[in-house]
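Novice: Please find coords_4.tsv (TSV, C-alpha atoms (C1' of nucleotides) and all ligand atoms) on the next line:
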chain	number	residue	atom	x	y	z
G	30	MET	CA	-100.07	35.54	18.96
G	31	SER	CA	-100.26	31.78	19.51
G	32	LEU	CA	-100.12	31.58	23.32
G	33	PRO	CA	-102.07	33.53	25.98
G	34	ALA	CA	-100.14	36.43	27.51
G	35	VAL	CA	-99.08	36.44	31.15
G	36	ALA	CA	-100.37	39.28	33.34
G	37	VAL	CA	-97.65	41.74	34.39
G	38	SER	CA	-97.78	44.78	36.66
G	39	GLN	CA	-95.35	47.09	34.85
G	40	SER	CA	-95.02	48.29	31.27
G	41	PRO	CA	-91.94	46.96	29.44
G	42	GLU	CA	-90.45	50.47	29.52
G	43	ALA	CA	-90.99	50.80	33.29
G	44	LYS	CA	-89.47	47.36	33.84
G	45	PHE	CA	-86.44	48.35	31.74
G	46	ARG	CA	-85.96	51.64	33.60
G	47	GLU	CA	-86.08	49.71	36.85
G	48	TYR	CA	-83.36	47.40	35.48
G	49	LEU	CA	-81.18	50.35	34.43
G	50	ALA	CA	-81.57	51.99	37.85
G	51	SER	CA	-80.65	48.77	39.66
G	52	ARG	CA	-77.27	48.35	37.93
G	53	PRO	CA	-74.13	48.83	40.04
G	54	LYS	CA	-73.00	51.60	37.67
G	55	PRO	CA	-75.78	53.96	36.59
G	56	GLN	CA	-77.12	53.35	33.07
G	57	ARG	CA	-79.02	55.89	31.00
G	58	PHE	CA	-82.35	55.56	29.24
G	59	THR	CA	-82.18	56.90	25.68
G	60	ASP	CA	-84.60	57.77	22.87
G	61	GLN	CA	-83.27	54.85	20.82
G	62	GLN	CA	-83.98	52.41	23.66
G	63	ARG	CA	-87.52	53.80	24.06
G	64	ASP	CA	-88.18	53.50	20.31
G	65	MET	CA	-86.92	49.92	20.25
G	66	ILE	CA	-89.02	48.86	23.25
G	67	ASN	CA	-92.15	50.52	21.83
G	68	TYR	CA	-91.70	48.81	18.48
G	69	ILE	CA	-90.75	45.38	19.86
G	70	PHE	CA	-93.63	45.21	22.36
G	71	SER	CA	-96.27	46.38	19.86
G	72	GLN	CA	-96.51	42.77	18.60
G	73	HIS	CA	-95.37	39.27	19.56
G	74	ASP	CA	-93.09	37.63	17.06
G	75	HIS	CA	-89.66	36.10	16.46
G	76	PHE	CA	-87.15	38.52	14.95
G	77	ASP	CA	-83.43	38.95	14.43
G	78	ALA	CA	-81.23	42.07	14.62
G	79	GLU	CA	-81.26	42.70	10.88
G	80	GLN	CA	-85.06	42.54	10.59
G	81	LEU	CA	-85.43	44.89	13.54
G	82	ILE	CA	-83.03	47.43	11.99
G	83	GLU	CA	-85.03	47.37	8.73
G	84	ASP	CA	-88.40	47.58	10.49
G	85	LEU	CA	-87.32	50.55	12.59
G	86	LYS	CA	-85.97	52.33	9.50
G	87	ARG	CA	-89.28	51.68	7.68
G	88	ASP	CA	-91.08	53.36	10.61
G	89	GLY	CA	-88.81	56.40	10.34
G	90	LEU	CA	-86.89	55.42	13.48
G	91	GLY	CA	-83.24	55.29	12.60
G	92	VAL	CA	-81.31	53.29	15.16
G	93	SER	CA	-77.78	52.28	14.22
G	94	ARG	CA	-76.79	48.64	13.91
G	95	ALA	CA	-74.38	48.90	16.86
G	96	THR	CA	-77.07	50.38	19.12
G	97	VAL	CA	-79.60	47.73	18.09
G	98	TYR	CA	-77.17	44.97	19.09
G	99	ARG	CA	-76.21	46.76	22.31
G	100	THR	CA	-79.82	47.37	23.32
G	101	LEU	CA	-80.94	43.82	22.48
G	102	ALA	CA	-78.26	42.54	24.86
G	103	LYS	CA	-79.56	44.83	27.61
G	104	LEU	CA	-83.18	43.85	27.00
G	105	VAL	CA	-82.23	40.18	27.35
G	106	ASP	CA	-80.28	40.90	30.54
G	107	ALA	CA	-83.22	42.88	31.89
G	108	GLY	CA	-85.53	39.91	31.36
G	109	LEU	CA	-87.64	41.62	28.70
G	110	LEU	CA	-86.46	39.48	25.81
G	111	ARG	CA	-85.45	35.85	25.39
G	112	ARG	CA	-82.67	34.86	22.97
G	113	LEU	CA	-83.34	31.98	20.61
G	114	GLU	CA	-80.58	30.04	18.85
G	115	PHE	CA	-82.32	29.17	15.60
G	116	GLY	CA	-79.54	28.36	13.15
G	117	PRO	CA	-76.62	30.69	12.46
G	118	ARG	CA	-78.10	33.98	13.72
G	119	MET	CA	-79.76	34.92	16.98
G	120	PHE	CA	-83.48	35.48	17.20
G	121	TYR	CA	-85.37	37.29	19.92
G	122	GLU	CA	-88.90	37.20	21.32
G	123	HIS	CA	-90.83	38.53	24.31
G	124	ASP	CA	-89.98	37.02	27.66
G	125	TYR	CA	-91.65	39.60	29.92
G	126	GLY	CA	-95.42	39.07	29.81
G	127	TYR	CA	-95.20	35.92	27.71
G	128	PRO	CA	-95.22	32.31	28.95
G	129	GLN	CA	-92.37	29.80	28.79
G	130	HIS	CA	-92.66	27.70	25.63
G	131	GLU	CA	-90.74	25.76	23.00
G	132	HIS	CA	-90.69	25.80	19.19
G	133	LEU	CA	-91.27	23.74	16.09
G	134	VAL	CA	-89.29	25.35	13.26
G	135	CYS	CA	-90.12	24.64	9.61
G	136	GLU	CA	-86.98	24.20	7.50
G	137	LYS	CA	-88.92	25.02	4.31
G	138	CYS	CA	-90.75	28.26	5.21
G	139	GLU	CA	-88.99	29.27	8.48
G	140	LYS	CA	-92.33	29.34	10.33
G	141	LYS	CA	-92.09	29.06	14.13
G	142	ILE	CA	-94.87	27.16	15.92
G	143	GLU	CA	-95.04	27.58	19.70
G	144	PHE	CA	-96.01	24.90	22.20
G	145	GLN	CA	-95.90	24.41	25.95
G	146	SER	CA	-94.81	21.18	27.61
G	147	ALA	CA	-94.82	20.38	31.31
G	148	ALA	CA	-92.98	17.12	30.49
G	149	ILE	CA	-89.91	19.05	29.29
G	150	GLU	CA	-89.83	21.18	32.42
G	151	SER	CA	-89.90	18.02	34.51
G	152	VAL	CA	-87.16	16.33	32.46
G	153	ILE	CA	-84.96	19.37	33.04
G	154	ARG	CA	-85.60	19.31	36.79
G	155	ASP	CA	-84.96	15.55	37.07
G	156	VAL	CA	-81.82	15.42	34.94
G	157	ALA	CA	-80.33	18.48	36.62
G	158	GLN	CA	-80.93	16.97	40.06
G	159	GLN	CA	-79.43	13.61	39.02
G	160	HIS	CA	-76.20	15.26	37.84
G	161	HIS	CA	-76.09	17.93	40.58
G	162	PHE	CA	-76.27	20.44	37.74
G	163	GLN	CA	-77.50	23.96	38.38
G	164	ALA	CA	-79.67	24.62	35.31
G	165	SER	CA	-79.98	28.25	34.20
G	166	GLY	CA	-81.64	27.89	30.83
G	167	HIS	CA	-82.32	25.56	27.95
G	168	THR	CA	-82.85	25.33	24.20
G	169	PHE	CA	-85.40	22.95	22.75
G	170	ILE	CA	-86.15	23.13	19.04
G	171	ILE	CA	-87.88	20.55	16.87
G	172	ARG	CA	-86.87	20.95	13.23
G	173	GLY	CA	-88.83	19.63	10.27
G	174	THR	CA	-91.61	20.51	7.83
G	175	CYS	CA	-94.86	22.24	8.79
G	176	ARG	CA	-98.33	21.09	7.80
G	177	GLU	CA	-98.64	23.57	4.91
G	178	CYS	CA	-95.21	22.76	3.46
G	179	ASN	CA	-95.96	19.05	3.78
G	180	GLN	CA	-99.20	19.47	1.86
G	181	ALA	CA	-97.43	21.47	-0.84
G	182	LYS	CA	-94.88	18.67	-1.19
G	183	MET	CA	-97.64	16.02	-1.34
G	184	THR	CA	-99.54	17.98	-3.98
G	185	LYS	CA	-96.39	18.38	-6.04
G	186	ARG	CA	-95.65	14.67	-5.80
G	187	ARG	CA	-99.18	13.88	-6.93
G	188	LEU	CA	-98.79	16.23	-9.91
G	189	ASP	CA	-95.40	14.74	-10.76
G	190	LEU	CA	-97.01	11.32	-11.05
G	191	ILE	CA	-99.46	12.49	-13.75
M	15	MET	CA	-67.19	7.71	27.04
M	16	SER	CA	-70.29	8.35	29.10
M	17	LEU	CA	-72.86	6.20	27.28
M	18	PRO	CA	-72.67	2.56	26.08
M	19	ALA	CA	-71.88	2.20	22.37
M	20	VAL	CA	-74.39	0.75	19.93
M	21	ALA	CA	-73.35	-2.37	18.01
M	22	VAL	CA	-72.75	-1.73	14.31
M	23	SER	CA	-71.84	-4.11	11.49
M	24	GLN	CA	-69.50	-1.90	9.47
M	25	SER	CA	-66.44	0.17	10.28
M	26	PRO	CA	-66.95	3.95	9.98
M	27	GLU	CA	-64.70	3.95	6.92
M	28	ALA	CA	-66.72	1.17	5.24
M	29	LYS	CA	-69.95	2.98	6.02
M	30	PHE	CA	-68.55	6.19	4.51
M	31	ARG	CA	-67.36	4.43	1.35
M	32	GLU	CA	-70.81	2.95	0.98
M	33	TYR	CA	-72.28	6.45	1.26
M	34	LEU	CA	-69.88	7.81	-1.36
M	35	ALA	CA	-70.70	4.96	-3.74
M	36	SER	CA	-74.44	5.49	-3.30
M	37	ARG	CA	-74.41	9.14	-4.39
M	38	PRO	CA	-76.03	10.01	-7.75
M	39	LYS	CA	-72.70	11.42	-8.98
M	40	PRO	CA	-69.67	9.34	-8.00
M	41	GLN	CA	-67.65	10.70	-5.07
M	42	ARG	CA	-64.05	9.82	-4.35
M	43	PHE	CA	-62.48	8.57	-1.14
M	44	THR	CA	-59.29	10.48	-0.33
M	45	ASP	CA	-56.35	10.15	2.06
M	46	GLN	CA	-57.54	13.24	3.92
M	47	GLN	CA	-60.97	11.71	4.47
M	48	ARG	CA	-59.41	8.46	5.71
M	49	ASP	CA	-57.16	10.35	8.14
M	50	MET	CA	-60.08	12.36	9.47
M	51	ILE	CA	-62.29	9.30	10.00
M	52	ASN	CA	-59.49	7.39	11.71
M	53	TYR	CA	-58.77	10.26	14.05
M	54	ILE	CA	-62.40	11.13	14.80
M	55	PHE	CA	-63.47	7.54	15.54
M	56	SER	CA	-60.46	6.79	17.76
M	57	GLN	CA	-62.30	8.43	20.66
M	58	HIS	CA	-65.76	9.72	21.54
M	59	ASP	CA	-65.94	13.40	22.26
M	60	HIS	CA	-67.45	16.74	21.25
M	61	PHE	CA	-65.25	18.80	18.95
M	62	ASP	CA	-65.40	21.72	16.55
M	63	ALA	CA	-63.67	22.29	13.21
M	64	GLU	CA	-60.84	24.38	14.66
M	65	GLN	CA	-59.95	21.81	17.34
M	66	LEU	CA	-59.96	19.04	14.75
M	67	ILE	CA	-57.61	21.00	12.45
M	68	GLU	CA	-55.19	21.54	15.35
M	69	ASP	CA	-55.37	17.93	16.55
M	70	LEU	CA	-54.71	16.56	13.06
M	71	LYS	CA	-51.76	18.92	12.65
M	72	ARG	CA	-50.36	17.79	16.02
M	73	ASP	CA	-50.54	14.18	14.77
M	74	GLY	CA	-48.59	15.12	11.64
M	75	LEU	CA	-51.71	14.88	9.48
M	76	GLY	CA	-52.06	18.15	7.64
M	77	VAL	CA	-55.59	18.60	6.36
M	78	SER	CA	-56.53	22.06	5.13
M	79	ARG	CA	-59.28	24.05	6.79
M	80	ALA	CA	-61.45	23.94	3.66
M	81	THR	CA	-61.17	20.15	3.42
M	82	VAL	CA	-61.95	19.72	7.11
M	83	TYR	CA	-65.18	21.70	6.70
M	84	ARG	CA	-66.06	19.92	3.46
M	85	THR	CA	-65.45	16.47	4.93
M	86	LEU	CA	-67.34	17.21	8.16
M	87	ALA	CA	-70.38	18.10	6.05
M	88	LYS	CA	-70.09	14.81	4.18
M	89	LEU	CA	-69.67	12.81	7.38
M	90	VAL	CA	-72.84	14.38	8.77
M	91	ASP	CA	-74.72	13.66	5.54
M	92	ALA	CA	-73.45	10.08	5.60
M	93	GLY	CA	-74.84	9.59	9.10
M	94	LEU	CA	-71.42	9.15	10.73
M	95	LEU	CA	-71.47	12.42	12.67
M	96	ARG	CA	-74.14	14.47	14.35
M	97	ARG	CA	-73.98	18.31	14.34
M	98	LEU	CA	-74.51	20.11	17.63
M	99	GLU	CA	-75.45	23.78	17.87
M	100	PHE	CA	-73.68	24.73	21.09
M	101	GLY	CA	-73.37	28.51	20.97
M	102	PRO	CA	-71.83	30.39	18.04
M	103	ARG	CA	-69.86	27.56	16.44
M	104	MET	CA	-70.84	24.07	15.35
M	105	PHE	CA	-69.73	21.04	17.31
M	106	TYR	CA	-69.65	17.45	16.12
M	107	GLU	CA	-69.84	14.02	17.75
M	108	HIS	CA	-70.30	10.39	16.75
M	109	ASP	CA	-73.72	9.42	15.46
M	110	TYR	CA	-72.82	6.05	13.91
M	111	GLY	CA	-72.34	3.50	16.68
M	112	TYR	CA	-73.45	5.87	19.42
M	113	PRO	CA	-76.92	6.16	20.96
M	114	GLN	CA	-79.30	9.12	20.71
M	115	HIS	CA	-78.84	11.43	23.66
M	116	GLU	CA	-79.04	15.03	24.89
M	117	HIS	CA	-76.63	17.35	26.72
M	118	LEU	CA	-76.10	19.39	29.83
M	119	VAL	CA	-73.54	22.11	28.98
M	120	CYS	CA	-71.60	23.90	31.73
M	121	GLU	CA	-71.26	27.61	31.03
M	122	LYS	CA	-68.23	27.85	33.34
M	123	CYS	CA	-65.99	25.01	32.12
M	124	GLU	CA	-67.66	24.06	28.81
M	125	LYS	CA	-68.06	20.44	29.98
M	126	LYS	CA	-70.72	18.42	28.12
M	127	ILE	CA	-72.68	15.84	30.15
M	128	GLU	CA	-74.69	13.30	28.16
M	129	PHE	CA	-78.05	11.85	29.16
M	130	GLN	CA	-80.80	9.83	27.54
M	131	SER	CA	-84.50	10.57	27.95
M	132	ALA	CA	-87.40	8.56	26.60
M	133	ALA	CA	-89.73	11.35	27.76
M	134	ILE	CA	-88.24	13.79	25.25
M	135	GLU	CA	-88.66	11.36	22.38
M	136	SER	CA	-92.31	11.00	23.31
M	137	VAL	CA	-92.84	14.79	23.61
M	138	ILE	CA	-91.42	15.19	20.11
M	139	ARG	CA	-93.74	12.49	18.72
M	140	ASP	CA	-96.82	13.91	20.44
M	141	VAL	CA	-96.24	17.57	19.58
M	142	ALA	CA	-95.36	16.78	15.97
M	143	GLN	CA	-98.53	14.73	15.57
M	144	GLN	CA	-100.68	17.45	17.17
M	145	HIS	CA	-99.39	20.08	14.73
M	146	HIS	CA	-99.19	17.76	11.69
M	147	PHE	CA	-95.49	18.59	11.68
M	148	GLN	CA	-93.01	16.23	10.03
M	149	ALA	CA	-90.11	16.25	12.50
M	150	SER	CA	-86.64	15.61	11.06
M	151	GLY	CA	-84.41	16.49	13.99
M	152	HIS	CA	-84.18	18.38	17.24
M	153	THR	CA	-81.86	20.30	19.54
M	154	PHE	CA	-82.13	19.97	23.29
M	155	ILE	CA	-79.49	21.61	25.47
M	156	ILE	CA	-79.69	22.38	29.17
M	157	ARG	CA	-77.33	25.22	30.08
M	158	GLY	CA	-76.02	25.93	33.58
M	159	THR	CA	-73.24	25.08	36.02
M	160	CYS	CA	-71.85	21.58	36.57
M	161	ARG	CA	-71.33	19.93	39.96
M	162	GLU	CA	-67.60	20.71	40.07
M	163	CYS	CA	-68.01	24.37	39.11
M	164	ASN	CA	-70.83	24.70	41.63
M	165	GLN	CA	-68.60	23.32	44.37
M	166	ALA	CA	-65.80	25.66	43.37
M	167	LYS	CA	-68.20	28.59	43.63
M	168	MET	CA	-69.49	27.38	47.02
M	169	THR	CA	-65.96	26.97	48.35
M	170	LYS	CA	-65.03	30.44	47.13
M	171	ARG	CA	-68.13	31.91	48.79
M	172	ARG	CA	-67.23	30.15	52.04
M	173	LEU	CA	-63.68	31.52	51.87
M	174	ASP	CA	-64.99	35.00	51.09
M	175	LEU	CA	-67.02	34.92	54.30
M	176	ILE	CA	-63.93	34.30	56.45
N	15	DG	C1'	-49.95	3.89	-17.32
N	16	DG	C1'	-53.19	7.59	-19.16
N	17	DG	C1'	-57.31	10.45	-19.30
N	18	DT	C1'	-61.02	12.61	-16.84
N	19	DA	C1'	-62.95	15.09	-13.41
N	20	DA	C1'	-63.57	15.10	-8.27
N	21	DT	C1'	-61.03	16.87	-4.55
N	22	DC	C1'	-57.35	19.53	-2.57
N	23	DG	C1'	-55.01	23.71	-0.60
N	24	DA	C1'	-54.42	28.61	-0.48
N	25	DT	C1'	-56.78	32.35	-0.17
N	26	DA	C1'	-60.71	35.58	-1.03
N	27	DA	C1'	-65.39	36.41	0.19
N	28	DT	C1'	-69.38	36.40	3.19
N	29	DA	C1'	-72.19	36.92	7.29
N	30	DA	C1'	-73.09	37.91	11.98
N	31	DT	C1'	-71.48	40.14	15.67
N	32	DT	C1'	-68.32	42.96	18.53
N	33	DA	C1'	-64.83	46.67	19.30
N	34	DT	C1'	-63.19	51.45	18.65
N	35	DC	C1'	-63.52	56.22	19.18
N	36	DG	C1'	-64.81	60.98	18.47
N	37	DA	C1'	-69.51	63.25	18.64
N	38	DT	C1'	-73.79	63.62	21.09
N	39	DA	C1'	-77.16	63.56	24.69
N	40	DT	C1'	-78.68	62.17	29.53
N	41	DT	C1'	-78.43	63.00	34.28
N	42	DA	C1'	-76.89	65.13	38.54
N	43	DT	C1'	-75.76	69.30	40.53
N	44	DA	C1'	-75.12	74.29	41.27
K	6	DT	C1'	-81.83	76.60	33.89
K	7	DA	C1'	-77.03	76.31	32.85
K	8	DT	C1'	-73.08	73.41	33.36
K	9	DA	C1'	-70.11	69.57	33.98
K	10	DA	C1'	-69.33	64.67	33.83
K	11	DT	C1'	-69.75	60.66	31.40
K	12	DA	C1'	-72.84	57.02	29.34
K	13	DT	C1'	-74.43	56.15	24.90
K	14	DC	C1'	-74.57	56.96	19.95
K	15	DG	C1'	-73.27	56.32	15.02
K	16	DA	C1'	-69.84	55.25	11.59
K	17	DT	C1'	-66.80	52.13	10.63
K	18	DA	C1'	-63.00	48.78	11.51
K	19	DA	C1'	-62.11	44.29	13.40
K	20	DT	C1'	-63.18	39.62	14.54
K	21	DT	C1'	-64.98	34.97	14.01
K	22	DA	C1'	-66.93	31.09	11.77
K	23	DT	C1'	-67.89	29.40	7.58
K	24	DT	C1'	-68.31	29.14	2.49
K	25	DA	C1'	-66.78	30.14	-2.35
K	26	DT	C1'	-63.13	30.33	-5.92
K	27	DC	C1'	-59.81	28.37	-8.79
K	28	DG	C1'	-55.59	26.42	-10.48
K	29	DA	C1'	-52.96	22.20	-8.95
K	30	DT	C1'	-53.29	17.50	-7.56
K	31	DT	C1'	-54.82	12.83	-7.46
K	32	DA	C1'	-58.43	8.92	-7.23
K	33	DC	C1'	-60.60	5.90	-10.18
K	34	DC	C1'	-62.11	3.63	-14.48
K	35	DC	C1'	-60.22	1.91	-18.66
G	201	MN	MN	-91.80	31.82	20.65
G	202	MN	MN	-72.81	13.87	23.13
G	203	ZN	ZN	-93.37	25.43	6.36
G	204	ZN	ZN	-68.28	23.21	34.91
Output the file's structure in the form of structure tokens.

Specialist:
Amino acid sequence: MSLPAVAVSQSPEAKFREYLASRPKPQRFTDQQRDMINYIFSQHDHFDAEQLIEDLKRDGLGVSRATVYRTLAKLVDAGLLRRLEFGPRMFYEHDYGYPQHEHLVCEKCEKKIEFQSAAIESVIRDVAQQHHFQASGHTFIIRGTCRECNQAKMTKRRLDLI
Amino acid sequence: MSLPAVAVSQSPEAKFREYLASRPKPQRFTDQQRDMINYIFSQHDHFDAEQLIEDLKRDGLGVSRATVYRTLAKLVDAGLLRRLEFGPRMFYEHDYGYPQHEHLVCEKCEKKIEFQSAAIESVIRDVAQQHHFQASGHTFIIRGTCRECNQAKMTKRRLDLI
DNA sequence: GGGTAATCGATAATAATTATCGATATTATA
DNA sequence: TATAATATCGATAATTATTATCGATTACCC
């Protein structure tokens, strides 16, 4: 966990049940939803639908692909998860109980490094105001090569020269 | 065209031919590539593969879907086009002869508003240095509702109240 | 102009996600 | 607690964007 958690008053499950109850048409809370929330909030990381399906299966919790996609959409809508557009597939991470932040993504090893930046928040505010734009969200990703992958490349280059 | 163009010494076609010639294995310049470059650089906008295929067809220039995708990849590699990850499909825009900038994207009308920000460039430099990360590119998109769509919503709300 | 091989077009394949629909399980009510 | 109503589930088909395949075409060097 690379950033300090944010204090919250409710458990993720309680927050989700509150969301379900507040919908115009009543929504039900199911065993599959409970299993997914328990698994997802047992650790902070960046995951996609396919990984989650595999991880749940490994833990003996069989949740179908369709239900995983459906529930992820609800968790995002409920404010529990944040969607991340890294490349061709969607990734997800904690939103509830975790601070706003941005990512460095390594193109070699897929590692995600988190950082916070007040400057970006202020750019968003300023630009939105200038263009009378009502901002609702943003994506900021810096792509490149992480320290470890850089060192590996350097070492290889040094060896190649011998 | 919302931002001032950058002066360049070569035509896009000349630049692309130079790129083809500089490849380790010789690459050929085809009629389809010429047609695509001529069409794409006749205007500055944000387009995806499907739109480009339709537009070329409308102009009597039939370029197959496979060739459009193949050539777009080459144009990006040659530095003529920049790839934009707006939502589920890839978009493209001029890179050669056009300044670095970021986007506000309206979720209602799909409009793309361009803006430049020195602050973002400096955030990227600082964060990369702090994490010993070799940055090679970035994505910065602010999502929300544009001025016009906001006004439309406001007007509708006002009418609803009557 | 002729030979070689890069590129083309048509179409099949892939990958991620969404839609369909009969079976199942949650919730409200008697 | 049993029952009825219907939201959700799982299996699978469909969709969408993109990439791979492969025989036909054509750019480029001589
Ligand atoms: Mn993160
Ligand atoms: Mn642009
Ligand atoms: Zn790495
Ligand atoms: Zn708009």

Novice: Which residues are near G:Glu177? Cut-off 12 Å, only C-alpha atoms (C1' of nucleotides), ignore same chain within fewer than 3 positions. Put them as a list in words.

Specialist: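 Near G:Glu177, the qualifying residues are Cys135, Glu136, Lys137, Cys138, Glu139, Lys140, Gly173, Thr174, Gln180, Ala181, Lys182, Met183 and Thr184 of chain G; His145, His146, Phe147 and Gln148 of chain M.
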
Novice: Using only C-alpha atoms and all ligand atoms, which of the listed residues (G:Asp124, G:Glu47, G:Asp60, G:Glu143) sits closest to ligand MN 201 (chain G)?

Specialist: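 Among G:Asp124, G:Glu47, G:Asp60, G:Glu143, it is G:Glu143 that comes nearest to ligand MN 201 (chain G).
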
Novice: If the cut-off is 8 Å, can you tell me the residues of chain G near chain N, counting only C-alpha atoms (C1' of nucleotides)? I'd like them as a PDB file with C-alpha atoms, in the frame of the given file.

Specialist:
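Resulting contents of result.pdb:
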ATOM      1  CA  ARG G  57     -79.020  55.890  31.000  1.00  0.00           C
ATOM      2  CA  PHE G  58     -82.350  55.560  29.240  1.00  0.00           C
ATOM      3  CA  THR G  59     -82.180  56.900  25.680  1.00  0.00           C
ATOM      4  CA  ARG G 118     -78.100  33.980  13.720  1.00  0.00           C
TER       5      ARG G 118
END

Novice: Counting all atoms listed in the file, give me one row per residue of chain K with an atom at most 12 Å from an atom of chain G, showing the shortest contact pair and its distance in Å to one decimal, sorted by chain then residue number, as a tab-separated table.

Specialist:
residue	atom	partner	partner_atom	distance
K:DT11	C1'	G:Pro55	CA	10.4
K:DA12	C1'	G:Arg57	CA	6.5
K:DT13	C1'	G:Arg57	CA	7.6
K:DC14	C1'	G:Thr96	CA	7.1
K:DG15	C1'	G:Ser93	CA	6.1
K:DA16	C1'	G:Ser93	CA	8.9
K:DT17	C1'	G:Ala95	CA	10.3
K:DA22	C1'	G:Pro117	CA	9.7
K:DT23	C1'	G:Pro117	CA	10.1

Novice: Using only C-alpha atoms (C1' of nucleotides) and all ligand atoms, which protein or nucleic acid residues are at most 7 Å from ligand MN 201 (chain G), as a VMD selection string?

Specialist: chain G and resid 74 to 75 122 130 to 132 143

Novice: Would you mind telling me which residue in M:His152, M:Lys126, M:Arg139, M:Arg157 lies nearest to ligand MN 202 (chain G) when using only C-alpha atoms and all ligand atoms?

Specialist: M:Lys126

Novice: Mind listing the residues within 12 Å of ligand MN 202 (chain G), all atoms listed in the file counted, as a VMD selection string?

Specialist: chain M and resid 15 to 19 58 to 61 95 to 100 105 to 109 112 to 119 125 to 130 153 to 155

Novice: Rounded to one decimal, what separation in Å do you get between atom CA of M:Gln47 and atom CA of M:Thr85?

Specialist: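 Answer for the atom CA of M:Gln47 to atom CA of M:Thr85 separation: 6.6 Å.
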
Novice: Work out how far apart atom CA of G:Ala147 and atom CA of M:Glu135 are and give it in Å to one decimal.

Specialist: 14.1 Å

Novice: May I ask for the distance between atom CA of M:Ser131 and atom CA of G:Ala157, given in Å to one decimal place?

Specialist: 12.5 Å
